[in-house]
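Content type PDB, C-alpha atoms (C1' of nucleotides), from the file query.pdb:
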MODEL        1
ATOM      1  CA  MET A 349     -12.869   4.102  -2.387
ATOM      2  CA  PRO A 350     -10.857   6.125   0.063
ATOM      3  CA  ARG A 351      -8.955   4.594   2.881
ATOM      4  CA  ALA A 352     -11.088   3.353   5.753
ATOM      5  CA  ALA A 353     -11.747   5.850   8.512
ATOM      6  CA  THR A 354      -9.293   5.902  11.380
ATOM      7  CA  THR A 355     -12.254   5.131  13.601
ATOM      8  CA  THR A 356     -13.123   2.005  11.669
ATOM      9  CA  ASP A 357     -11.071  -0.270  13.845
ATOM     10  CA  VAL A 358      -8.087  -0.443  16.120
ATOM     11  CA  PHE A 359      -5.689  -1.211  13.285
ATOM     12  CA  ASN A 360      -6.499   2.049  11.581
ATOM     13  CA  ALA A 361      -6.490   3.983  14.813
ATOM     14  CA  ILE A 362      -2.984   2.928  15.793
ATOM     15  CA  ALA A 363      -1.528   3.551  12.346
ATOM     16  CA  GLU A 364      -0.893   7.145  13.372
ATOM     17  CA  PRO A 365       2.365   7.519  15.344
ATOM     18  CA  ARG A 366       1.114  10.296  17.565
ATOM     19  CA  ARG A 367      -1.829   8.203  18.614
ATOM     20  CA  ARG A 368       0.546   5.469  19.638
ATOM     21  CA  GLU A 369       2.505   8.031  21.627
ATOM     22  CA  ILE A 370      -0.647   9.017  23.426
ATOM     23  CA  ILE A 371      -1.445   5.401  24.153
ATOM     24  CA  ASP A 372       2.053   4.904  25.485
ATOM     25  CA  ALA A 373       1.735   7.965  27.670
ATOM     26  CA  LEU A 374      -1.412   6.566  29.228
ATOM     27  CA  ARG A 375       0.261   3.314  30.041
ATOM     28  CA  GLY A 376       0.388   2.248  33.642
ATOM     29  CA  GLY A 377      -3.246   2.945  34.298
ATOM     30  CA  ARG A 378      -2.654   6.544  35.340
ATOM     31  CA  VAL A 379      -5.285   8.917  34.100
ATOM     32  CA  HIS A 380      -4.095  12.019  32.295
ATOM     33  CA  ALA A 381      -5.660  15.360  31.629
ATOM     34  CA  VAL A 382      -5.374  16.629  28.076
ATOM     35  CA  GLY A 383      -3.032  19.389  29.171
ATOM     36  CA  GLU A 384      -0.641  16.894  30.692
ATOM     37  CA  LEU A 385      -0.449  15.013  27.427
ATOM     38  CA  VAL A 386       0.099  18.279  25.592
ATOM     39  CA  LYS A 387       3.028  19.131  27.811
ATOM     40  CA  LYS A 388       4.445  15.646  27.898
ATOM     41  CA  LEU A 389       4.272  14.946  24.170
ATOM     42  CA  ARG A 390       4.721  18.500  22.936
ATOM     43  CA  ILE A 391       1.830  18.182  20.557
ATOM     44  CA  PRO A 392      -0.557  21.138  20.049
ATOM     45  CA  GLN A 393      -3.675  20.899  22.183
ATOM     46  CA  PRO A 394      -6.180  20.679  19.319
ATOM     47  CA  ALA A 395      -4.201  17.828  17.832
ATOM     48  CA  VAL A 396      -4.181  15.949  21.110
ATOM     49  CA  SER A 397      -7.923  16.449  21.520
ATOM     50  CA  LYS A 398      -8.564  15.212  18.004
ATOM     51  CA  HIS A 399      -6.422  12.137  18.420
ATOM     52  CA  LEU A 400      -8.059  11.390  21.744
ATOM     53  CA  GLY A 401     -11.378  11.688  19.979
ATOM     54  CA  VAL A 402     -10.363   9.014  17.499
ATOM     55  CA  LEU A 403      -9.060   6.759  20.237
ATOM     56  CA  ARG A 404     -12.218   7.229  22.232
ATOM     57  CA  ARG A 405     -14.467   6.364  19.326
ATOM     58  CA  VAL A 406     -12.558   3.154  18.817
ATOM     59  CA  GLY A 407     -12.724   2.411  22.510
ATOM     60  CA  ILE A 408      -8.998   2.509  23.257
ATOM     61  CA  VAL A 409      -9.454   5.301  25.764
ATOM     62  CA  SER A 410     -12.316   6.536  27.871
ATOM     63  CA  ALA A 411     -12.826   9.935  29.429
ATOM     64  CA  SER A 412     -14.268  11.399  32.577
ATOM     65  CA  ARG A 413     -14.622  14.902  33.894
ATOM     66  CA  TYR A 414     -12.750  16.412  36.773
ATOM     67  CA  GLY A 415     -13.664  20.042  37.105
ATOM     68  CA  ARG A 416     -12.744  21.722  33.883
ATOM     69  CA  HIS A 417     -10.312  18.986  33.125
ATOM     70  CA  ARG A 418     -11.085  15.909  31.152
ATOM     71  CA  LEU A 419      -9.259  12.834  32.309
ATOM     72  CA  TYR A 420      -8.397  10.119  29.856
ATOM     73  CA  GLN A 421      -7.743   6.557  30.697
ATOM     74  CA  LEU A 422      -6.415   3.697  28.635
ATOM     75  CA  ASN A 423      -8.547   0.651  27.859
ATOM     76  CA  ALA A 424      -5.677  -1.470  26.710
ATOM     77  CA  GLU A 425      -7.828  -4.556  26.200
ATOM     78  CA  GLU A 426      -8.946  -2.989  22.967
ATOM     79  CA  LEU A 427      -5.469  -3.676  21.625
ATOM     80  CA  LYS A 428      -5.980  -7.378  22.077
ATOM     81  CA  SER A 429      -7.267  -7.905  18.558
ATOM     82  CA  VAL A 430      -4.047  -6.495  17.141
ATOM     83  CA  HIS A 431      -2.008  -8.630  19.455
ATOM     84  CA  ASP A 432      -3.990 -11.737  18.612
ATOM     85  CA  TRP A 433      -3.441 -11.210  14.922
ATOM     86  CA  VAL A 434       0.246 -10.417  14.983
ATOM     87  CA  LYS A 435       0.979 -13.044  17.576
ATOM     88  CA  THR A 436       0.260 -15.787  15.073
ATOM     89  CA  TYR A 437       3.453 -14.722  13.316
ATOM     90  CA  GLU A 438       5.586 -14.622  16.404
ATOM     91  CA  ARG A 439       7.342 -17.884  15.609
ATOM     92  CA  PHE A 440       8.818 -16.339  12.487
ATOM     93  CA  TRP A 441      11.251 -14.192  14.411
ATOM     94  CA  THR A 442      11.686 -16.003  17.694
ATOM     95  CA  HIS A 443      13.482 -19.244  18.227
ATOM     96  CA  GLN A 444      15.558 -19.400  15.119
ATOM     97  CA  LEU A 445      16.355 -22.988  15.942
ATOM     98  CA  ASP A 446      12.723 -23.974  16.073
ATOM     99  CA  ARG A 447      12.220 -22.582  12.626
ATOM    100  CA  ILE A 448      15.099 -24.532  11.212
ATOM    101  CA  LYS A 449      13.925 -27.638  12.947
ATOM    102  CA  GLU A 450      10.443 -27.134  11.646
ATOM    103  CA  ARG A 451      11.635 -26.884   8.078
ATOM    104  CA  ALA A 452      13.780 -29.958   8.489
ATOM    105  CA  GLU A 453      10.818 -31.831   9.844
ATOM    106  CA  ARG A 454       8.633 -30.802   6.983
ATOM    107  CA  LYS A 455      11.187 -32.007   4.479
ATOM    108  CA  ALA A 456      11.592 -35.248   6.333
ATOM    109  CA  ALA A 457       7.862 -35.762   6.263
ATOM    110  CA  GLU A 458       7.867 -35.189   2.518
ATOM    111  CA  ARG A 459      10.569 -37.769   2.054
ATOM    112  CA  LEU A 460       8.403 -40.204   3.911
ATOM    113  CA  GLY A 461       5.438 -39.387   1.738
ATOM    114  CA  HIS A 462       3.548 -37.595   4.468
ATOM    115  CA  LYS A 463       2.883 -34.468   2.463
ATOM    116  CA  SER A 464       0.427 -32.119   4.028
ATOM    117  CA  ARG A 465      -2.890 -32.806   2.397
ATOM    118  CA  VAL A 466      -3.937 -30.463  -0.381
ATOM    119  CA  ALA A 467      -7.510 -29.226  -0.627
ATOM    120  CA  LYS A 468      -9.405 -30.854  -3.457
ATOM    121  CA  ASP A 469     -10.016 -27.746  -5.502
ATOM    122  CA  GLU A 470      -6.449 -26.642  -5.107
ATOM    123  CA  GLU A 471      -4.197 -27.891  -7.861
ATOM    124  CA  GLU A 472      -0.672 -28.889  -7.161
ATOM    125  CA  LYS A 473       1.562 -26.079  -8.310
ATOM    126  CA  PRO A 474       5.053 -26.670  -9.661
ATOM    127  CA  TRP A 475       6.587 -24.263  -7.151
TER     128      TRP A 475
ATOM    129  CA  MET B 339      -1.417  17.138   6.475
ATOM    130  CA  PRO B 340      -2.977  14.052   4.968
ATOM    131  CA  ARG B 341      -2.687  10.683   6.524
ATOM    132  CA  ALA B 342       0.719   9.058   6.203
ATOM    133  CA  ALA B 343       1.249   6.889   3.160
ATOM    134  CA  THR B 344       0.426   3.233   3.534
ATOM    135  CA  THR B 345       4.014   2.544   2.605
ATOM    136  CA  THR B 346       5.334   4.661   5.435
ATOM    137  CA  ASP B 347       5.598   1.789   7.865
ATOM    138  CA  VAL B 348       4.182  -1.580   8.771
ATOM    139  CA  PHE B 349       1.497  -0.085  10.989
ATOM    140  CA  ASN B 350       0.014   1.790   8.071
ATOM    141  CA  ALA B 351       0.424  -1.128   5.693
ATOM    142  CA  ILE B 352      -1.533  -3.549   7.855
ATOM    143  CA  ALA B 353      -4.332  -1.103   8.556
ATOM    144  CA  GLU B 354      -6.048  -2.317   5.394
ATOM    145  CA  PRO B 355      -8.066  -5.529   5.990
ATOM    146  CA  ARG B 356      -7.405  -6.974   2.561
ATOM    147  CA  ARG B 357      -3.703  -6.604   3.047
ATOM    148  CA  ARG B 358      -3.988  -8.573   6.260
ATOM    149  CA  GLU B 359      -5.905 -11.218   4.360
ATOM    150  CA  ILE B 360      -3.103 -11.433   1.855
ATOM    151  CA  ILE B 361      -0.559 -11.738   4.631
ATOM    152  CA  ASP B 362      -2.616 -14.479   6.225
ATOM    153  CA  ALA B 363      -2.866 -16.311   2.930
ATOM    154  CA  LEU B 364       0.912 -16.294   2.616
ATOM    155  CA  ARG B 365       1.342 -17.758   6.044
ATOM    156  CA  GLY B 366       3.116 -21.041   6.361
ATOM    157  CA  GLY B 367       5.965 -20.024   4.133
ATOM    158  CA  ARG B 368       4.301 -21.223   0.961
ATOM    159  CA  VAL B 369       4.875 -18.961  -1.984
ATOM    160  CA  HIS B 370       1.831 -17.876  -3.938
ATOM    161  CA  ALA B 371       1.321 -16.603  -7.428
ATOM    162  CA  VAL B 372      -0.872 -13.541  -7.767
ATOM    163  CA  GLY B 373      -3.545 -15.576  -9.499
ATOM    164  CA  GLU B 374      -3.745 -17.974  -6.624
ATOM    165  CA  LEU B 375      -4.360 -15.136  -4.226
ATOM    166  CA  VAL B 376      -6.977 -13.734  -6.551
ATOM    167  CA  LYS B 377      -8.840 -17.024  -6.576
ATOM    168  CA  LYS B 378      -8.373 -17.715  -2.903
ATOM    169  CA  LEU B 379      -9.398 -14.308  -1.639
ATOM    170  CA  ARG B 380     -11.843 -13.393  -4.410
ATOM    171  CA  ILE B 381     -10.314  -9.987  -4.804
ATOM    172  CA  PRO B 382      -9.909  -8.488  -8.293
ATOM    173  CA  GLN B 383      -6.458  -8.999  -9.740
ATOM    174  CA  PRO B 384      -5.500  -5.337  -9.994
ATOM    175  CA  ALA B 385      -6.405  -4.866  -6.356
ATOM    176  CA  VAL B 386      -4.285  -7.822  -5.315
ATOM    177  CA  SER B 387      -1.351  -6.531  -7.328
ATOM    178  CA  LYS B 388      -1.675  -3.098  -5.798
ATOM    179  CA  HIS B 389      -1.857  -4.397  -2.262
ATOM    180  CA  LEU B 390       1.101  -6.658  -2.902
ATOM    181  CA  GLY B 391       2.937  -3.604  -4.145
ATOM    182  CA  VAL B 392       2.340  -1.821  -0.867
ATOM    183  CA  LEU B 393       3.384  -4.849   1.142
ATOM    184  CA  ARG B 394       6.495  -5.241  -0.943
ATOM    185  CA  ARG B 395       7.529  -1.633  -0.506
ATOM    186  CA  VAL B 396       7.236  -2.011   3.232
ATOM    187  CA  GLY B 397       9.155  -5.257   3.109
ATOM    188  CA  ILE B 398       6.434  -7.569   4.370
ATOM    189  CA  VAL B 399       6.558  -9.629   1.200
ATOM    190  CA  SER B 400       9.124 -10.258  -1.470
ATOM    191  CA  ALA B 401       8.630 -11.436  -5.006
ATOM    192  CA  SER B 402      10.401 -13.653  -7.515
ATOM    193  CA  ARG B 403       9.656 -14.678 -11.047
ATOM    194  CA  TYR B 404       8.592 -18.085 -12.216
ATOM    195  CA  GLY B 405       7.816 -18.008 -15.895
ATOM    196  CA  ARG B 406       5.051 -15.555 -16.438
ATOM    197  CA  HIS B 407       4.030 -15.897 -12.835
ATOM    198  CA  ARG B 408       5.233 -13.780 -10.000
ATOM    199  CA  LEU B 409       5.611 -15.612  -6.754
ATOM    200  CA  TYR B 410       5.167 -13.780  -3.493
ATOM    201  CA  GLN B 411       6.574 -14.810  -0.202
ATOM    202  CA  LEU B 412       5.959 -13.543   3.294
ATOM    203  CA  ASN B 413       8.709 -11.885   5.317
ATOM    204  CA  ALA B 414       6.901 -12.140   8.591
ATOM    205  CA  GLU B 415       9.814 -10.717  10.581
ATOM    206  CA  GLU B 416       8.714  -7.314   9.368
ATOM    207  CA  LEU B 417       5.704  -7.658  11.627
ATOM    208  CA  LYS B 418       7.937  -7.821  14.650
ATOM    209  CA  SER B 419       7.796  -4.098  15.306
ATOM    210  CA  VAL B 420       4.036  -4.258  15.612
ATOM    211  CA  HIS B 421       4.285  -7.238  17.881
ATOM    212  CA  ASP B 422       6.905  -5.591  20.028
ATOM    213  CA  TRP B 423       4.764  -2.540  20.518
ATOM    214  CA  VAL B 424       1.475  -4.228  21.264
ATOM    215  CA  LYS B 425       3.098  -6.882  23.392
ATOM    216  CA  THR B 426       3.885  -4.325  26.063
ATOM    217  CA  TYR B 427       0.139  -4.169  26.725
ATOM    218  CA  GLU B 428      -0.375  -7.890  26.869
ATOM    219  CA  ARG B 429      -0.655  -7.955  30.635
ATOM    220  CA  PHE B 430      -3.773  -5.824  30.474
ATOM    221  CA  TRP B 431      -5.910  -8.620  29.125
ATOM    222  CA  THR B 432      -4.133 -11.765  30.245
ATOM    223  CA  HIS B 433      -3.898 -13.032  33.756
ATOM    224  CA  GLN B 434      -6.783 -11.217  35.283
ATOM    225  CA  LEU B 435      -5.509 -12.264  38.674
ATOM    226  CA  ASP B 436      -2.143 -10.710  38.112
ATOM    227  CA  ARG B 437      -3.783  -7.452  37.275
ATOM    228  CA  ILE B 438      -5.833  -7.449  40.421
ATOM    229  CA  LYS B 439      -2.833  -8.377  42.448
ATOM    230  CA  GLU B 440      -0.819  -5.639  40.862
ATOM    231  CA  ARG B 441      -3.391  -3.028  41.721
ATOM    232  CA  ALA B 442      -3.601  -4.307  45.273
ATOM    233  CA  GLU B 443       0.147  -4.113  45.562
ATOM    234  CA  ARG B 444       0.224  -0.588  44.297
ATOM    235  CA  LYS B 445      -2.356   0.490  46.825
ATOM    236  CA  ALA B 446      -0.504  -1.269  49.562
ATOM    237  CA  ALA B 447       2.671   0.524  48.574
ATOM    238  CA  GLU B 448       0.836   3.820  48.747
ATOM    239  CA  ARG B 449      -0.404   3.057  52.216
ATOM    240  CA  LEU B 450       3.157   2.448  53.220
ATOM    241  CA  GLY B 451       4.298   5.685  51.711
ATOM    242  CA  HIS B 452       6.223   4.052  48.873
ATOM    243  CA  LYS B 453       4.664   6.108  46.122
ATOM    244  CA  SER B 454       6.312   5.733  42.783
ATOM    245  CA  ARG B 455       8.709   8.594  42.447
ATOM    246  CA  VAL B 456       7.475  11.600  40.493
ATOM    247  CA  ALA B 457       9.708  13.383  38.011
ATOM    248  CA  LYS B 458      10.861  16.782  39.260
ATOM    249  CA  ASP B 459       9.090  18.856  36.624
ATOM    250  CA  GLU B 460       5.899  16.901  37.043
ATOM    251  CA  GLU B 461       3.578  18.380  39.609
ATOM    252  CA  GLU B 462       1.496  16.185  41.817
ATOM    253  CA  LYS B 463      -2.005  16.143  40.388
ATOM    254  CA  PRO B 464      -5.077  15.797  42.587
ATOM    255  CA  TRP B 465      -6.290  12.792  40.564
TER     256      TRP B 465
ATOM    257  C1'  DC C 237     -21.301  38.860  35.675
ATOM    258  C1'  DA C 238     -16.431  39.035  33.803
ATOM    259  C1'  DA C 239     -12.104  37.069  33.288
ATOM    260  C1'  DT C 240      -9.501  32.916  33.096
ATOM    261  C1'  DT C 241      -8.457  28.246  32.295
ATOM    262  C1'  DA C 242      -9.146  23.668  29.941
ATOM    263  C1'  DT C 243     -10.717  21.346  26.192
ATOM    264  C1'  DA C 244     -13.406  20.566  22.001
ATOM    265  C1'  DT C 245     -14.891  21.886  17.511
ATOM    266  C1'  DT C 246     -14.945  24.117  13.122
ATOM    267  C1'  DC C 247     -12.755  25.633   8.792
ATOM    268  C1'  DC C 248      -9.517  25.163   5.478
ATOM    269  C1'  DT C 249      -6.229  22.644   2.614
ATOM    270  C1'  DA C 250      -2.969  19.483   0.567
ATOM    271  C1'  DT C 251      -2.578  14.826  -0.078
ATOM    272  C1'  DA C 252      -3.037   9.816  -0.147
ATOM    273  C1'  DT C 253      -5.844   6.632  -0.786
ATOM    274  C1'  DG C 254      -8.731   2.032  -2.712
ATOM    275  C1'  DG C 255     -11.679   0.520  -6.102
ATOM    276  C1'  DG C 256     -13.086  -0.087 -11.016
ATOM    277  C1'  DA C 257     -12.055   0.027 -15.806
ATOM    278  C1'  DA C 258      -8.968   0.054 -19.244
ATOM    279  C1'  DT C 259      -4.552  -0.727 -20.791
ATOM    280  C1'  DA C 260       0.377  -1.809 -20.741
ATOM    281  C1'  DT C 261       4.075  -5.100 -20.006
ATOM    282  C1'  DG C 262       6.104  -9.531 -19.911
ATOM    283  C1'  DT C 263       6.383 -14.365 -21.012
ATOM    284  C1'  DC C 264       5.304 -18.676 -22.997
ATOM    285  C1'  DA C 265       3.474 -21.641 -26.753
ATOM    286  C1'  DA C 266       2.324 -22.981 -31.438
TER     287       DA C 266
ATOM    288  C1'  DT D 124       5.237 -13.701 -35.364
ATOM    289  C1'  DT D 125       0.776 -14.158 -33.204
ATOM    290  C1'  DG D 126      -2.061 -15.328 -29.599
ATOM    291  C1'  DA D 127      -3.024 -16.346 -25.004
ATOM    292  C1'  DC D 128      -2.044 -15.936 -20.325
ATOM    293  C1'  DA D 129      -0.258 -13.574 -15.922
ATOM    294  C1'  DT D 130       0.570  -9.501 -13.729
ATOM    295  C1'  DA D 131       1.431  -4.551 -13.299
ATOM    296  C1'  DT D 132       0.225   0.118 -14.214
ATOM    297  C1'  DT D 133      -2.489   4.109 -15.343
ATOM    298  C1'  DC D 134      -6.635   7.025 -14.972
ATOM    299  C1'  DC D 135     -10.357   8.688 -12.646
ATOM    300  C1'  DC D 136     -12.905   9.799  -8.477
ATOM    301  C1'  DA D 137     -15.068  10.086  -3.955
ATOM    302  C1'  DT D 138     -13.544  10.412   0.529
ATOM    303  C1'  DA D 139     -10.960  10.730   4.827
ATOM    304  C1'  DT D 140      -7.511  12.561   6.750
ATOM    305  C1'  DA D 141      -3.841  15.557   9.934
ATOM    306  C1'  DG D 142      -2.289  19.866  10.856
ATOM    307  C1'  DG D 143      -2.814  24.919  11.772
ATOM    308  C1'  DA D 144      -5.597  28.764  13.043
ATOM    309  C1'  DA D 145      -9.460  30.500  14.921
ATOM    310  C1'  DT D 146     -13.315  29.959  17.619
ATOM    311  C1'  DA D 147     -16.741  27.714  20.583
ATOM    312  C1'  DT D 148     -17.995  25.479  24.852
ATOM    313  C1'  DA D 149     -17.541  24.446  29.694
ATOM    314  C1'  DA D 150     -16.229  25.113  34.306
ATOM    315  C1'  DT D 151     -13.876  27.838  37.982
ATOM    316  C1'  DT D 152     -12.838  31.949  40.352
ATOM    317  C1'  DG D 153     -13.219  36.650  41.925
TER     318       DG D 153
ENDMDL
END

Could I get this structure in the form of structure tokens?
Amino acid sequence: MPRAATTTDVFNAIAEPRRREIIDALRGGRVHAVGELVKKLRIPQPAVSKHLGVLRRVGIVSASRYGRHRLYQLNAEELKSVHDWVKTYERFWTHQLDRIKERAERKAAERLGHKSRVAKDEEEKPW
Amino acid sequence: MPRAATTTDVFNAIAEPRRREIIDALRGGRVHAVGELVKKLRIPQPAVSKHLGVLRRVGIVSASRYGRHRLYQLNAEELKSVHDWVKTYERFWTHQLDRIKERAERKAAERLGHKSRVAKDEEEKPW
DNA sequence: CAATTATATTCCTATATGGGAATATGTCAA
DNA sequence: TTGACATATTCCCATATAGGAATATAATTG
């Protein structure tokens, strides 16, 4: 099986650096014509259009016409799913002290026999 | 040019759903043998090994030996770059009120002639 | 209508999958 | 040593790029 399409979900869509650049350029709610993005990011116009196409299919951006221009706008809420997922790991790099404390607490609990319960079908491993 | 390798960076590595499942399974700091992941996630062993290989090359997990087992451990800090990037968009979906207020403030500023300064080489667009 | 401008689409190509099957490697146990 | 077990690697293949070049489509202007 090949890799999932870039339009499968937001995670795949933002894996491409240039697409993240485009997203960043659209930050602040300002709409941008394709040509502006081309000039700003120095990416060939067809490439920008293609990347915008991917982002649009995933829902990260939406487009509207303005004369012969096409204006793109960010729908940043679509990035929420990524944020929600990665946020659950936030504690691993913030608050070093909390982490240490947490470990100490876990060990203390073990000493007191308050091991976290193990699911029935899950054997106790020696590690 | 083909898509960037999955081992290019964390963004590409986590684009694959099964790799995120593996990461999630390793949460909590507990080490896991490959076989445990296979049973837990119901993914064929070669697939698990391959995905772990990708994650290891990117640095998201690290491995150690224990007899004939290989124990994998999460290095969640590697996910920080993703968090840092997506976090800058957090305000777009949290605090609805703040967003409304912000827009109102921007409009007010415009009324007062306090437009955000425009870079010299950036023309004023009609939109 | 013709020329121009803005953007999208099509073609082509080299490359990197991800899964399945089979097999190799490594380690322990009798 | 010989199995048996745990994990990694290799092969094969269908598929989805991402970029470049060329072209098509759309809208404006004269």

Which one is closest to DA252 in chain C: D:DT146, D:DT138, D:DT132, D:DT152? Count all atoms listed in the file. D:DT138

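Distance annotation: of B:Pro355, B:Gly397, B:Gly391, B:Pro382, the residue with the minimal separation from chain A is B:Pro355; atom set is only C-alpha atoms.
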
Take every atom of range 131-149 of chain D listed in the file, fit an axis-aligned box around them, add 8 Å per side, and give the centre and edge lengths in Å to one decimal as lines of an AutoDock Vina configuration file.
center_x = -8.3
center_y = 13.0
center_z = 7.2
size_x = 35.4
size_y = 51.1
size_z = 61.0

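Proximity to DT140 in chain D was assessed for A:Thr354, A:Gln393, A:Ile371, A:Arg404 counting all atoms listed in the file; the smallest distance is recorded for A:Thr354.
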
Would you give me, as a Markdown table, each residue of chain B having an atom within 7 Å of an atom of chain C, along with its shortest atom pair and that distance in Å to one decimal, using all atoms listed in the file and sorting by chain and residue number?
| residue | atom | partner | partner_atom | distance |
| --- | --- | --- | --- | --- |
| B:Met339 | CA | C:DA250 | C1' | 6.5 |
| B:Pro340 | CA | C:DT251 | C1' | 5.1 |
| B:Arg341 | CA | C:DA252 | C1' | 6.7 |
| B:Ala343 | CA | C:DA252 | C1' | 6.2 |
| B:Gly405 | CA | C:DT263 | C1' | 6.4 |
| B:Arg406 | CA | C:DT263 | C1' | 4.9 |
